[in-house]
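One file, upload-v5.cif, carrying mmCIF, C-alpha atoms:
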```
data_query
loop_
_atom_site.label_atom_id
_atom_site.label_comp_id
_atom_site.auth_asym_id
_atom_site.auth_seq_id
_atom_site.Cartn_x
_atom_site.Cartn_y
_atom_site.Cartn_z
CA MET Q 1 74.26 -48.90 -23.57
CA LYS Q 2 73.93 -45.28 -24.37
CA TYR Q 3 71.50 -46.16 -27.06
CA LYS Q 4 69.30 -48.08 -24.65
CA LYS Q 5 69.08 -45.13 -22.25
CA PHE Q 6 68.20 -42.81 -25.08
CA LYS Q 7 65.68 -45.27 -26.39
CA SER Q 8 63.90 -45.52 -22.98
CA ILE Q 9 64.00 -41.69 -22.53
CA GLY Q 10 62.60 -41.25 -26.04
CA LYS Q 11 59.65 -43.55 -25.30
CA LYS Q 12 58.86 -41.58 -22.13
CA ALA Q 13 59.11 -38.28 -24.00
CA ILE Q 14 56.77 -39.51 -26.71
CA ILE Q 15 54.25 -40.67 -24.08
CA PHE Q 16 54.45 -37.28 -22.25
CA MET Q 17 54.15 -35.34 -25.50
CA SER Q 18 51.16 -37.48 -26.54
CA LEU Q 19 49.57 -36.97 -23.12
CA ILE Q 20 50.08 -33.18 -23.29
CA LEU Q 21 48.69 -33.11 -26.82
CA CYS Q 22 45.61 -35.16 -25.77
CA VAL Q 23 44.91 -32.91 -22.74
CA SER Q 24 45.30 -29.82 -24.95
CA LEU Q 25 42.90 -31.21 -27.54
CA LEU Q 26 40.49 -32.11 -24.74
CA GLY Q 27 40.67 -28.51 -23.41
CA VAL Q 28 40.12 -27.03 -26.87
CA GLY Q 29 37.18 -29.37 -27.46
CA TYR Q 30 35.68 -28.50 -24.05
CA SER Q 31 36.07 -24.77 -24.63
CA ARG Q 32 34.42 -25.07 -28.03
CA TRP Q 33 31.61 -27.12 -26.53
CA ASN Q 34 31.26 -24.70 -23.58
CA THR Q 35 31.02 -21.56 -25.74
CA ASP Q 36 28.28 -23.10 -27.85
CA MET Q 37 26.03 -23.59 -24.78
CA GLY Q 38 23.74 -20.74 -23.88
CA THR Q 39 21.06 -20.07 -21.34
CA ILE Q 40 18.32 -17.52 -21.91
CA VAL Q 41 16.57 -16.26 -18.78
CA ASN Q 42 13.55 -13.95 -18.78
CA VAL Q 43 12.52 -12.44 -15.45
CA THR Q 44 9.27 -10.52 -15.08
CA THR Q 45 8.52 -8.66 -11.87
CA GLY Q 46 5.05 -7.95 -10.55
CA PHE Q 47 3.58 -4.66 -9.44
CA LEU Q 48 1.34 -3.32 -6.69
CA LYS Q 49 -1.62 -1.18 -7.65
CA PRO Q 50 -4.09 -0.64 -4.81
CA THR Q 51 -6.89 1.67 -5.98
CA PHE Q 52 -10.11 2.97 -4.49
CA LEU Q 53 -13.38 1.53 -5.73
CA LEU Q 54 -16.45 3.77 -5.56
CA ASP Q 55 -19.96 2.31 -5.45
CA GLU Q 56 -21.60 5.70 -4.94
CA HIS Q 57 -20.52 9.26 -5.70
CA LYS Q 58 -23.02 10.92 -3.34
CA ILE Q 59 -24.02 9.66 0.07
CA SER Q 60 -27.01 11.27 1.79
CA PHE Q 61 -27.62 11.12 5.53
CA PRO Q 62 -30.36 12.73 7.64
CA ASP Q 63 -27.86 15.27 8.96
CA GLY Q 64 -25.68 15.89 5.90
CA GLU Q 65 -24.54 14.89 2.43
CA LEU Q 66 -21.09 13.89 1.24
CA SER Q 67 -19.72 13.60 -2.29
CA LEU Q 68 -16.91 11.21 -3.08
CA SER Q 69 -14.57 11.50 -6.05
CA LEU Q 70 -11.35 9.86 -7.19
CA SER Q 71 -8.16 11.25 -8.65
CA ASP Q 72 -7.26 10.25 -12.21
CA ASP Q 73 -4.94 7.46 -11.06
CA GLY Q 74 -7.42 6.16 -8.45
CA HIS Q 75 -4.91 6.53 -5.61
CA THR Q 76 -6.61 9.49 -3.90
CA LEU Q 77 -10.17 9.61 -2.58
CA TYR Q 78 -11.70 13.07 -2.05
CA ILE Q 79 -14.62 13.46 0.37
CA GLU Q 80 -16.43 16.79 0.47
CA GLY Q 81 -19.75 17.94 1.82
CA GLU Q 82 -21.72 19.76 4.47
CA VAL Q 83 -22.90 18.13 7.67
CA TYR Q 84 -24.50 19.24 10.91
CA PRO Q 85 -22.47 19.26 14.15
CA GLU Q 86 -24.17 16.02 15.31
CA PHE Q 87 -23.10 14.13 12.19
CA ASN Q 88 -21.59 10.79 13.20
CA GLU Q 89 -21.53 8.31 10.35
CA ASN Q 90 -19.33 5.51 9.07
CA ILE Q 91 -18.41 5.55 5.39
CA LEU Q 92 -17.39 2.26 3.81
CA ILE Q 93 -14.22 2.64 1.74
CA LYS Q 94 -13.30 -0.15 -0.65
CA ILE Q 95 -9.80 -0.70 -1.99
CA VAL Q 96 -9.00 -3.28 -4.65
CA ASP Q 97 -5.59 -4.46 -5.76
CA GLU Q 98 -5.34 -4.23 -9.54
CA GLY Q 99 -1.67 -5.28 -9.49
CA SER Q 100 -0.16 -8.64 -10.29
CA VAL Q 101 1.30 -9.18 -6.81
CA PRO Q 102 -0.89 -9.66 -3.71
CA SER Q 103 -0.52 -6.74 -1.33
CA VAL Q 104 -1.25 -6.00 2.31
CA LEU Q 105 -1.61 -2.82 4.33
CA ASP Q 106 1.77 -1.88 5.75
CA GLU Q 107 1.31 1.47 7.46
CA VAL Q 108 -1.30 4.19 8.04
CA ASP Q 109 -0.05 7.75 8.37
CA GLU Q 110 -2.66 10.11 9.81
CA ASP Q 111 -2.66 13.88 9.39
CA ASP Q 112 -5.24 16.18 11.04
CA GLY Q 113 -7.75 13.46 11.90
CA ASP Q 114 -9.50 15.39 14.72
CA ILE Q 115 -13.01 14.63 13.49
CA SER Q 116 -12.31 11.33 11.76
CA ALA Q 117 -11.11 7.83 12.55
CA LEU Q 118 -10.10 5.14 10.06
CA GLU Q 119 -10.93 1.60 11.17
CA PHE Q 120 -9.72 -1.60 9.56
CA GLY Q 121 -9.61 -5.18 10.71
CA LYS Q 122 -7.11 -7.30 8.83
CA ARG Q 123 -4.06 -6.25 6.89
CA ASP Q 124 -5.67 -7.41 3.63
CA VAL Q 125 -6.55 -4.83 1.04
CA GLU Q 126 -10.32 -4.71 1.08
CA ASN Q 127 -12.73 -2.65 3.18
CA PHE Q 128 -12.13 0.19 5.61
CA GLU Q 129 -14.57 2.26 7.64
CA LEU Q 130 -14.05 5.99 7.94
CA ASN Q 131 -15.98 7.55 10.82
CA ILE Q 132 -16.64 11.28 10.49
CA CYS Q 133 -17.88 13.04 13.61
CA PRO Q 134 -17.48 16.84 14.00
CA GLU Q 135 -18.50 16.51 17.67
CA ASN Q 136 -15.04 15.06 18.33
CA ASP Q 137 -13.74 18.60 17.78
CA THR Q 138 -13.23 20.32 21.15
CA ASP Q 139 -14.99 23.52 19.99
CA ALA Q 140 -18.14 21.60 19.03
CA LYS Q 141 -18.32 19.79 22.41
CA GLN Q 142 -19.03 22.99 24.29
CA TYR Q 143 -22.62 23.04 22.95
CA LYS Q 144 -23.76 19.78 24.59
CA ASP Q 145 -26.94 19.82 26.71
CA TYR Q 146 -26.61 19.91 30.48
CA ASP Q 147 -28.96 18.07 32.81
CA THR Q 148 -30.38 20.76 35.07
CA ALA Q 149 -33.79 21.28 36.59
CA ASP Q 150 -33.69 25.03 35.86
CA MET Q 151 -35.86 25.79 32.80
CA GLY Q 152 -34.03 29.11 32.22
CA GLN Q 153 -30.69 27.32 32.02
CA GLN Q 154 -32.09 24.78 29.57
CA ILE Q 155 -33.38 27.62 27.36
CA GLU Q 156 -29.93 29.24 27.37
CA ASN Q 157 -28.34 25.91 26.50
CA LEU Q 158 -30.80 25.48 23.65
CA LYS Q 159 -29.96 28.98 22.32
CA GLU Q 160 -26.26 28.09 22.38
CA ARG Q 161 -26.97 24.87 20.54
CA ILE Q 162 -28.95 26.74 17.88
CA LYS Q 163 -25.96 29.06 17.45
CA SER Q 164 -23.78 26.01 16.80
CA TYR Q 165 -25.93 25.23 13.75
CA LYS Q 166 -25.17 28.69 12.36
CA ARG Q 167 -21.45 28.28 12.94
CA GLU Q 168 -19.53 27.02 9.94
CA GLU Q 169 -16.27 25.12 10.33
CA ASN Q 170 -14.05 23.73 7.63
CA TYR Q 171 -12.27 20.50 8.46
CA ARG Q 172 -9.56 18.76 6.55
CA PHE Q 173 -8.15 15.34 7.29
CA GLU Q 174 -5.79 13.08 5.42
CA TYR Q 175 -4.79 9.44 5.71
CA ILE Q 176 -1.92 7.95 3.74
CA LEU Q 177 -2.15 4.18 3.37
CA SER Q 178 1.07 2.37 2.46
CA PHE Q 179 0.97 -1.12 1.03
CA GLU Q 180 3.62 -3.81 0.63
CA GLN Q 181 3.88 -7.16 -1.10
CA ASP Q 182 2.13 -9.99 0.71
CA ILE Q 183 4.41 -12.93 1.40
#
```
Would you mind writing the structure in this file as structure tokens?
Amino acid sequence: MKYKKFKSIGKKAIIFMSLILCVSLLGVGYSRWNTDMGTIVNVTTGFLKPTFLLDEHKISFPDGELSLSLSDDGHTLYIEGEVYPEFNENILIKIVDEGSVPSVLDEVDEDDGDISALEFGKRDVENFELNICPENDTDAKQYKDYDTADMGQQIENLKERIKSYKREENYRFEYILSFEQDI
């Protein structure tokens, strides 16, 4: 009887040992198979590059002339020139996106824009209008004509207006346009 018990325990032990050996071989085979698999992933990101586009470098108006120039990287537009106090013109500014990602206007930061106003419609990067008008300056407004019937007063007003043409003012204004990725 003792032999029968041992014989039945031996068969169970052999089955368990075989099962453990099979599971171990399966794990070793899986690990070998798993280490031989590889995945190669390449990720390329895009970039934003809004730059100014100049059609003309000099713009002439009846009451002034402006010259436009770009910085080396195309991110800064310089506008210089001499205009009369009654100058009130819109300058078309074109911006193109040379990047690989579509971009939109995110924010406009204005610094010292007393005589200028930047107008834009949509958030797309394309065309802007810059209005330059020295008459928006409070000092220049004092030379406006007055409607009076007195000829002497009109002559004095005209003399003051002529003086305004001799007066030279330097103005500086700056706009910083920030762009972001269009979604």
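Across the model, the gap from CA of Phe173 in chain Q to CA of Val104 in chain Q is 23.0 Å.
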**Report entry** Within 10 Å of range 49-65 of chain Q using only C-alpha atoms, minus same-chain residues under 6 positions, as JSON, numbers by chain
**Finding:** {"Q": [71, 73, 74, 75, 76, 77, 79, 80, 81, 82, 83, 84, 85, 86, 87, 88, 89, 91, 92, 93, 94, 95, 96, 97, 98, 99, 100, 101, 102, 103, 104, 105, 125, 126, 127, 177, 178, 179, 180]}
Keeping only C-alpha atoms, take the residues you just selected and write them out as a PDB file, in the coordinates of the input.
```
ATOM      1  CA  SER Q  71      -8.160  11.250  -8.650  1.00  0.00           C
ATOM      2  CA  ASP Q  73      -4.940   7.460 -11.060  1.00  0.00           C
ATOM      3  CA  GLY Q  74      -7.420   6.160  -8.450  1.00  0.00           C
ATOM      4  CA  HIS Q  75      -4.910   6.530  -5.610  1.00  0.00           C
ATOM      5  CA  THR Q  76      -6.610   9.490  -3.900  1.00  0.00           C
ATOM      6  CA  LEU Q  77     -10.170   9.610  -2.580  1.00  0.00           C
ATOM      7  CA  ILE Q  79     -14.620  13.460   0.370  1.00  0.00           C
ATOM      8  CA  GLU Q  80     -16.430  16.790   0.470  1.00  0.00           C
ATOM      9  CA  GLY Q  81     -19.750  17.940   1.820  1.00  0.00           C
ATOM     10  CA  GLU Q  82     -21.720  19.760   4.470  1.00  0.00           C
ATOM     11  CA  VAL Q  83     -22.900  18.130   7.670  1.00  0.00           C
ATOM     12  CA  TYR Q  84     -24.500  19.240  10.910  1.00  0.00           C
ATOM     13  CA  PRO Q  85     -22.470  19.260  14.150  1.00  0.00           C
ATOM     14  CA  GLU Q  86     -24.170  16.020  15.310  1.00  0.00           C
ATOM     15  CA  PHE Q  87     -23.100  14.130  12.190  1.00  0.00           C
ATOM     16  CA  ASN Q  88     -21.590  10.790  13.200  1.00  0.00           C
ATOM     17  CA  GLU Q  89     -21.530   8.310  10.350  1.00  0.00           C
ATOM     18  CA  ILE Q  91     -18.410   5.550   5.390  1.00  0.00           C
ATOM     19  CA  LEU Q  92     -17.390   2.260   3.810  1.00  0.00           C
ATOM     20  CA  ILE Q  93     -14.220   2.640   1.740  1.00  0.00           C
ATOM     21  CA  LYS Q  94     -13.300  -0.150  -0.650  1.00  0.00           C
ATOM     22  CA  ILE Q  95      -9.800  -0.700  -1.990  1.00  0.00           C
ATOM     23  CA  VAL Q  96      -9.000  -3.280  -4.650  1.00  0.00           C
ATOM     24  CA  ASP Q  97      -5.590  -4.460  -5.760  1.00  0.00           C
ATOM     25  CA  GLU Q  98      -5.340  -4.230  -9.540  1.00  0.00           C
ATOM     26  CA  GLY Q  99      -1.670  -5.280  -9.490  1.00  0.00           C
ATOM     27  CA  SER Q 100      -0.160  -8.640 -10.290  1.00  0.00           C
ATOM     28  CA  VAL Q 101       1.300  -9.180  -6.810  1.00  0.00           C
ATOM     29  CA  PRO Q 102      -0.890  -9.660  -3.710  1.00  0.00           C
ATOM     30  CA  SER Q 103      -0.520  -6.740  -1.330  1.00  0.00           C
ATOM     31  CA  VAL Q 104      -1.250  -6.000   2.310  1.00  0.00           C
ATOM     32  CA  LEU Q 105      -1.610  -2.820   4.330  1.00  0.00           C
ATOM     33  CA  VAL Q 125      -6.550  -4.830   1.040  1.00  0.00           C
ATOM     34  CA  GLU Q 126     -10.320  -4.710   1.080  1.00  0.00           C
ATOM     35  CA  ASN Q 127     -12.730  -2.650   3.180  1.00  0.00           C
ATOM     36  CA  LEU Q 177      -2.150   4.180   3.370  1.00  0.00           C
ATOM     37  CA  SER Q 178       1.070   2.370   2.460  1.00  0.00           C
ATOM     38  CA  PHE Q 179       0.970  -1.120   1.030  1.00  0.00           C
ATOM     39  CA  GLU Q 180       3.620  -3.810   0.630  1.00  0.00           C
TER      40      GLU Q 180
END
```
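Restricting the calculation to only C-alpha atoms, the smallest distance between Glu129 in chain Q and any of Q:Val23, Q:Ile155, Q:Ser116, Q:Asn90 is found for Q:Asn90.
Counting from CA of Glu174 in chain Q, the distance to CA of Glu107 in chain Q is 13.8 Å.
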Query raised in the report: In Å, with one decimal, what is the gap from CA of Thr39 in chain Q to CA of Ser24 in chain Q?
Result: 26.4 Å
From the coordinates supplied, range 61-99 of chain Q should be written with N, CA and C atoms, as a JSON list (two decimals), in the first residue's frame.
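Written output follows (decode-v4.json):
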```json
[["chain", "number", "residue", "atom", "x", "y", "z"],
["Q", 61, "PHE", "N", 3.68, 110.17, -50.79],
["Q", 61, "PHE", "CA", 2.34, 110.73, -50.62],
["Q", 61, "PHE", "C", 2.44, 112.22, -50.92],
["Q", 62, "PRO", "N", 1.31, 112.89, -51.17],
["Q", 62, "PRO", "CA", 1.37, 114.33, -51.42],
["Q", 62, "PRO", "C", 1.94, 115.12, -50.23],
["Q", 63, "ASP", "N", 1.76, 114.62, -49.03],
["Q", 63, "ASP", "CA", 2.23, 115.36, -47.86],
["Q", 63, "ASP", "C", 3.31, 114.60, -47.08],
["Q", 64, "GLY", "N", 4.14, 113.84, -47.79],
["Q", 64, "GLY", "CA", 5.24, 113.17, -47.12],
["Q", 64, "GLY", "C", 5.74, 111.95, -47.88],
["Q", 65, "GLU", "N", 6.87, 111.41, -47.40],
["Q", 65, "GLU", "CA", 7.45, 110.21, -48.00],
["Q", 65, "GLU", "C", 7.98, 109.33, -46.88],
["Q", 66, "LEU", "N", 7.73, 108.04, -47.00],
["Q", 66, "LEU", "CA", 8.18, 107.08, -46.00],
["Q", 66, "LEU", "C", 9.04, 106.03, -46.66],
["Q", 67, "SER", "N", 10.07, 105.59, -45.95],
["Q", 67, "SER", "CA", 10.90, 104.48, -46.45],
["Q", 67, "SER", "C", 10.71, 103.30, -45.50],
["Q", 68, "LEU", "N", 10.57, 102.14, -46.08],
["Q", 68, "LEU", "CA", 10.36, 100.91, -45.32],
["Q", 68, "LEU", "C", 11.57, 100.00, -45.51],
["Q", 69, "SER", "N", 12.02, 99.39, -44.43],
["Q", 69, "SER", "CA", 13.13, 98.44, -44.51],
["Q", 69, "SER", "C", 12.90, 97.33, -43.49],
["Q", 70, "LEU", "N", 13.53, 96.20, -43.78],
["Q", 70, "LEU", "CA", 13.39, 95.02, -42.92],
["Q", 70, "LEU", "C", 14.69, 94.72, -42.21],
["Q", 71, "SER", "N", 14.58, 94.10, -41.04],
["Q", 71, "SER", "CA", 15.76, 93.57, -40.37],
["Q", 71, "SER", "C", 16.26, 92.35, -41.13],
["Q", 72, "ASP", "N", 17.43, 91.85, -40.77],
["Q", 72, "ASP", "CA", 18.01, 90.70, -41.48],
["Q", 72, "ASP", "C", 17.14, 89.46, -41.40],
["Q", 73, "ASP", "N", 16.50, 89.25, -40.25],
["Q", 73, "ASP", "CA", 15.67, 88.05, -40.08],
["Q", 73, "ASP", "C", 14.25, 88.24, -40.59],
["Q", 74, "GLY", "N", 13.88, 89.46, -40.99],
["Q", 74, "GLY", "CA", 12.54, 89.72, -41.52],
["Q", 74, "GLY", "C", 11.47, 89.84, -40.46],
["Q", 75, "HIS", "N", 11.86, 89.88, -39.19],
["Q", 75, "HIS", "CA", 10.88, 89.97, -38.10],
["Q", 75, "HIS", "C", 10.61, 91.40, -37.64],
["Q", 76, "THR", "N", 11.37, 92.36, -38.14],
["Q", 76, "THR", "CA", 11.19, 93.75, -37.72],
["Q", 76, "THR", "C", 11.07, 94.62, -38.96],
["Q", 77, "LEU", "N", 10.03, 95.45, -38.99],
["Q", 77, "LEU", "CA", 9.80, 96.39, -40.08],
["Q", 77, "LEU", "C", 10.10, 97.79, -39.56],
["Q", 78, "TYR", "N", 11.00, 98.49, -40.24],
["Q", 78, "TYR", "CA", 11.35, 99.86, -39.87],
["Q", 78, "TYR", "C", 10.68, 100.81, -40.86],
["Q", 79, "ILE", "N", 10.01, 101.85, -40.32],
["Q", 79, "ILE", "CA", 9.37, 102.86, -41.14],
["Q", 79, "ILE", "C", 9.95, 104.20, -40.72],
["Q", 80, "GLU", "N", 10.54, 104.91, -41.67],
["Q", 80, "GLU", "CA", 11.13, 106.21, -41.39],
["Q", 80, "GLU", "C", 10.71, 107.17, -42.48],
["Q", 81, "GLY", "N", 10.71, 108.46, -42.15],
["Q", 81, "GLY", "CA", 10.40, 109.45, -43.16],
["Q", 81, "GLY", "C", 10.00, 110.77, -42.56],
["Q", 82, "GLU", "N", 9.70, 111.71, -43.44],
["Q", 82, "GLU", "CA", 9.24, 113.03, -43.03],
["Q", 82, "GLU", "C", 7.87, 113.27, -43.64],
["Q", 83, "VAL", "N", 6.96, 113.77, -42.80],
["Q", 83, "VAL", "CA", 5.60, 114.05, -43.25],
["Q", 83, "VAL", "C", 5.17, 115.39, -42.67],
["Q", 84, "TYR", "N", 4.17, 115.98, -43.31],
["Q", 84, "TYR", "CA", 3.59, 117.22, -42.82],
["Q", 84, "TYR", "C", 2.60, 116.90, -41.69],
["Q", 85, "PRO", "N", 2.26, 117.91, -40.87],
["Q", 85, "PRO", "CA", 1.34, 117.66, -39.75],
["Q", 85, "PRO", "C", -0.01, 117.09, -40.18],
["Q", 86, "GLU", "N", -0.48, 117.37, -41.41],
["Q", 86, "GLU", "CA", -1.78, 116.88, -41.86],
["Q", 86, "GLU", "C", -1.71, 115.48, -42.47],
["Q", 87, "PHE", "N", -0.56, 114.85, -42.41],
["Q", 87, "PHE", "CA", -0.40, 113.51, -42.97],
["Q", 87, "PHE", "C", -1.36, 112.55, -42.27],
["Q", 88, "ASN", "N", -2.14, 111.83, -43.05],
["Q", 88, "ASN", "CA", -3.08, 110.84, -42.50],
["Q", 88, "ASN", "C", -3.26, 109.77, -43.56],
["Q", 89, "GLU", "N", -2.39, 108.78, -43.52],
["Q", 89, "GLU", "CA", -2.40, 107.75, -44.55],
["Q", 89, "GLU", "C", -2.37, 106.36, -43.92],
["Q", 90, "ASN", "N", -2.93, 105.41, -44.66],
["Q", 90, "ASN", "CA", -2.87, 104.00, -44.28],
["Q", 90, "ASN", "C", -1.78, 103.31, -45.08],
["Q", 91, "ILE", "N", -0.97, 102.55, -44.41],
["Q", 91, "ILE", "CA", 0.11, 101.79, -45.05],
["Q", 91, "ILE", "C", -0.25, 100.32, -44.93],
["Q", 92, "LEU", "N", -0.27, 99.63, -46.06],
["Q", 92, "LEU", "CA", -0.58, 98.20, -46.06],
["Q", 92, "LEU", "C", 0.67, 97.42, -45.67],
["Q", 93, "ILE", "N", 0.54, 96.61, -44.64],
["Q", 93, "ILE", "CA", 1.64, 95.78, -44.16],
["Q", 93, "ILE", "C", 1.26, 94.33, -44.40],
["Q", 94, "LYS", "N", 2.14, 93.61, -45.11],
["Q", 94, "LYS", "CA", 1.87, 92.21, -45.42],
["Q", 94, "LYS", "C", 2.80, 91.33, -44.58],
["Q", 95, "ILE", "N", 2.23, 90.27, -44.03],
["Q", 95, "ILE", "CA", 2.99, 89.30, -43.27],
["Q", 95, "ILE", "C", 2.68, 87.93, -43.86],
["Q", 96, "VAL", "N", 3.71, 87.17, -44.15],
["Q", 96, "VAL", "CA", 3.54, 85.81, -44.66],
["Q", 96, "VAL", "C", 4.14, 84.84, -43.67],
["Q", 97, "ASP", "N", 3.58, 83.65, -43.62],
["Q", 97, "ASP", "CA", 4.09, 82.62, -42.72],
["Q", 97, "ASP", "C", 4.96, 81.67, -43.54],
["Q", 98, "GLU", "N", 6.26, 81.72, -43.31],
["Q", 98, "GLU", "CA", 7.19, 80.86, -44.02],
["Q", 98, "GLU", "C", 7.46, 79.57, -43.24],
["Q", 99, "GLY", "N", 6.75, 79.35, -42.15],
["Q", 99, "GLY", "CA", 6.95, 78.16, -41.34],
["Q", 99, "GLY", "C", 6.19, 76.97, -41.88]]
```
